[in-house]
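Taking it in order: structure first as C-alpha cells, then the write-up.
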Amino acid sequence: MKTLEQTTDEILGLAAQHFKIPREDLAPSDDFYKKLKIDSLRALELITRLEHHFGIELPDYEVQGVTDFRTLASRIQARL
Amino acid sequence: MTASKLHLHEKTKTLSWELKDGTIELALHHPPCNEIGTAMLEDLEQFVTALEAAGEKAAALIVYSRQEAGFSAGADLRELYAASLGLTAAERVSGVRAFLERVHRVLSAIDGSPLTTIAAVHGVTFGGGFELALACDLIIADKMARFCFPELRLGLIPGFGGIPRLRRDIGNSVVRDLLLTGRSINAAKAMATGLVSQVAAEGEALQVARATAAQACKFDRTASMAAKRFLKPIPHEELRREIDVFCELFERPAVMEGLRKFSENTSAHPYLP
C-alpha cells in the first residue's frame, strides 16, 4: 500500500510530465488549476492520466471541489 | 442544392468531408470543442444529404474531430440559453423540440446509413457528442478519450437519442450509472462496458479507424447492409419518447436557471454539480 506522500509525489510527477512543466515547480499544496493553468476540461486529462497510472476509476463527483494535489492524492488513496 | 451538384469533397463552416478509397471521412472542426448548435446542425444536415447521395461510391464512414480538446463537448448550451431568453415556456419548448427533431433526423440518417460507420474519438466525448458517436456502428477511442452524459446535472436528460441508443448497446445498469451519476468514464472502462470496440494509443484513433474502415470496405455491401439492419434497428418509438420527456423537463424554470449558471460561469472550476 502506497503512502499518501508516495501517491502525492507520483501525481506531481505525472502532472509535470503531462502539462510539460518542471517537477520542482509543483508542491502538494498547490492549486492545480492555477499552477497548471488549466480549466475543468483539461483537468479531466489529468484525471484520465491518473486513472491509467493507478489502475483505478476516479468519478468526477469525488474530485468536485478538490483543487490541491494532496487532497487529490487522498481521493486516489481511498481507491487503491 | 440538387443531387446532381452534390460533392463528396466539401468544407463547411464546422465540418469537412471527403471520399477516398471507398471511405468518407467527416471531420468536425468547430472550436472550441465541436459544440452542436444551429451552425453545426445545418452543416450536418448538408452532410447527410451528401451521404444519402453517395450511393455505391462509399462503403464506410469515419467521423472524427480536428479539435484538440476532443470529439465533441455536446450541445451548444450557451446558444440554447441565449436563444431561450425572453421567450415564454411554451415558446422555449416549441423551439427546442424543433431543434431536437432536426438533430434526430440527422443522427437517425447516420445510424441507418448503409455504410459501415465508425466514430474515431479522442478527449472530451460528452453529451450530444457522445450521442453522435453512439449513432455510429463502431466507436474507436483514443486511450485518453472520456465519455459522459452530464445532462442530469442541468435537470435534463440526453436529448439527441442517447438513452435509446445506449440501451440498445449496453446493459441497463451501466446506462443508469452513467446517467444518474453524470460521471465521466475513460476509454478502458467504456470498452469494458461494451460501448467502445477498440482502444487506440494516444493520437492514433483515426489511423485505427482507417484500418478498420478498409477492412469493412472489402465486404459485399448487400451482406454488410443486411447484417446492420438485423443487428442495429433504430429505436424510433423510444427516440420519440425521449424528445417528449426532454421537452417536459426543459419547460421548468429550474432548467433555465441551470443553463444561466452554466453560461455565465467563467471560473476554471467545473460549475456542474
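Following the order of the C-alpha cells, first chain is A, next is B, and so on, with residues numbered from 1 inside each chain and ligands from 1 in the order they appear.
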Practice task
Give as a PyMOL selection string every residue of chain A that touches chain B within 6 Å, counting only C-alpha atoms.
Solution key: chain A and resi 39-40+59-60
Next, dump the selected residues to file, keeping only all heavy atoms, as a short mmCIF file (atom, residue, chain, number, x, y, z; two decimals), in the first residue's frame.
```
data_model
loop_
_atom_site.label_atom_id
_atom_site.label_comp_id
_atom_site.auth_asym_id
_atom_site.auth_seq_id
_atom_site.Cartn_x
_atom_site.Cartn_y
_atom_site.Cartn_z
N ASP A 39 -8.28 24.47 -17.20
CA ASP A 39 -9.70 24.59 -16.85
C ASP A 39 -10.24 23.18 -16.56
O ASP A 39 -9.48 22.21 -16.51
CB ASP A 39 -10.47 25.26 -18.00
CG ASP A 39 -10.38 24.49 -19.31
OD1 ASP A 39 -9.93 23.32 -19.29
OD2 ASP A 39 -10.75 25.06 -20.35
N SER A 40 -11.54 23.10 -16.35
CA SER A 40 -12.12 21.83 -15.92
C SER A 40 -11.96 20.74 -16.99
O SER A 40 -11.79 19.57 -16.65
CB SER A 40 -13.59 22.00 -15.58
OG SER A 40 -14.31 22.52 -16.68
N PRO A 59 -14.33 8.80 -10.10
CA PRO A 59 -15.52 9.53 -10.56
C PRO A 59 -15.38 11.03 -10.32
O PRO A 59 -14.84 11.46 -9.29
CB PRO A 59 -16.65 8.95 -9.70
CG PRO A 59 -16.15 7.63 -9.25
CD PRO A 59 -14.67 7.79 -9.09
N ASP A 60 -15.93 11.80 -11.27
CA ASP A 60 -15.82 13.26 -11.21
C ASP A 60 -16.30 13.83 -9.87
O ASP A 60 -15.71 14.75 -9.34
CB ASP A 60 -16.65 13.92 -12.31
CG ASP A 60 -16.53 13.22 -13.64
OD1 ASP A 60 -16.72 11.99 -13.68
OD2 ASP A 60 -16.27 13.91 -14.63
#
```
Exercise for the section: Just the residues within 9 Å of Ala89 (chain B), please, counting only C-alpha atoms, with nothing from its chain fewer than 6 positions along; format it as a ChimeraX atom specification. Expected result: /B:250-253
Problem - Contact residues around Leu77 (chain B) with only C-alpha atoms at 10 Å, ignoring same-chain residues under 2 positions, as JSON, numbers by chain - result: {"B": [35, 36, 37, 73, 74, 75, 79, 80, 81, 82, 83, 259, 260, 262, 263]}
Exercise for the section: Identify, on the basis of only C-alpha atoms, every residue whose closest approach to region 26-31 of chain B does not exceed 8 Å; exclude the query and any residue fewer than 6 positions from it along the same chain; express the result as a list of chain:residue names. Expected result: B:Lys13, B:Thr14, B:Leu15, B:Ser16, B:Trp17, B:Glu18, B:Met40, B:Leu61, B:Ile62, B:Val63, B:Tyr64, B:Ser65, B:Arg66, B:Gln67, B:Phe71
Find the residues around Leu152 (chain B) up to 7 Å (only C-alpha atoms counted), leave out those fewer than 3 positions away in its own chain, and share them as a PDB file with C-alpha atoms, in the first residue's frame.
```pdb
ATOM      1  CA  GLY B 155     -32.041  18.948 -14.691  1.00  0.00           C
ATOM      2  CA  LEU B 156     -32.381  17.397 -18.142  1.00  0.00           C
ATOM      3  CA  ILE B 157     -31.918  14.066 -19.873  1.00  0.00           C
ATOM      4  CA  LEU B 179     -26.993   8.941 -16.367  1.00  0.00           C
ATOM      5  CA  LEU B 180     -27.824   9.005 -12.674  1.00  0.00           C
ATOM      6  CA  GLY B 182     -23.363  12.086 -14.514  1.00  0.00           C
TER       7      GLY B 182
END
```
Practice task
In Å, rounded to a single decimal, give me how far CA of Ala120 (chain B) is from CA of Ala214 (chain B).
Solution key: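 Interatomic distance, CA of Ala214 (chain B) to CA of Ala120 (chain B): 14.1 Å.
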Practice task
Rank A:Lys2, A:Lys35, A:His53, A:Arg70 by their smallest atom-to-atom distance to Ala16 (chain A), using only C-alpha atoms, and report the top residue only.
Solution key: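 Nearest candidate to Ala16 (chain A) out of A:Lys2, A:Lys35, A:His53, A:Arg70: A:Lys35.
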Handout entry: Polymer residues at most 10 Å from Thr7 (chain A), only C-alpha atoms, same-chain spacing of 2 or more positions, as a list in words
Key = Met1, Lys2, Thr3, Leu4, Glu5, Asp9, Glu10, Ile11, Leu12, Gly13, Phe54, Phe69, Arg70, Leu72, Ala73, Ser74, Ile76, Gln77 and Leu80 of chain A
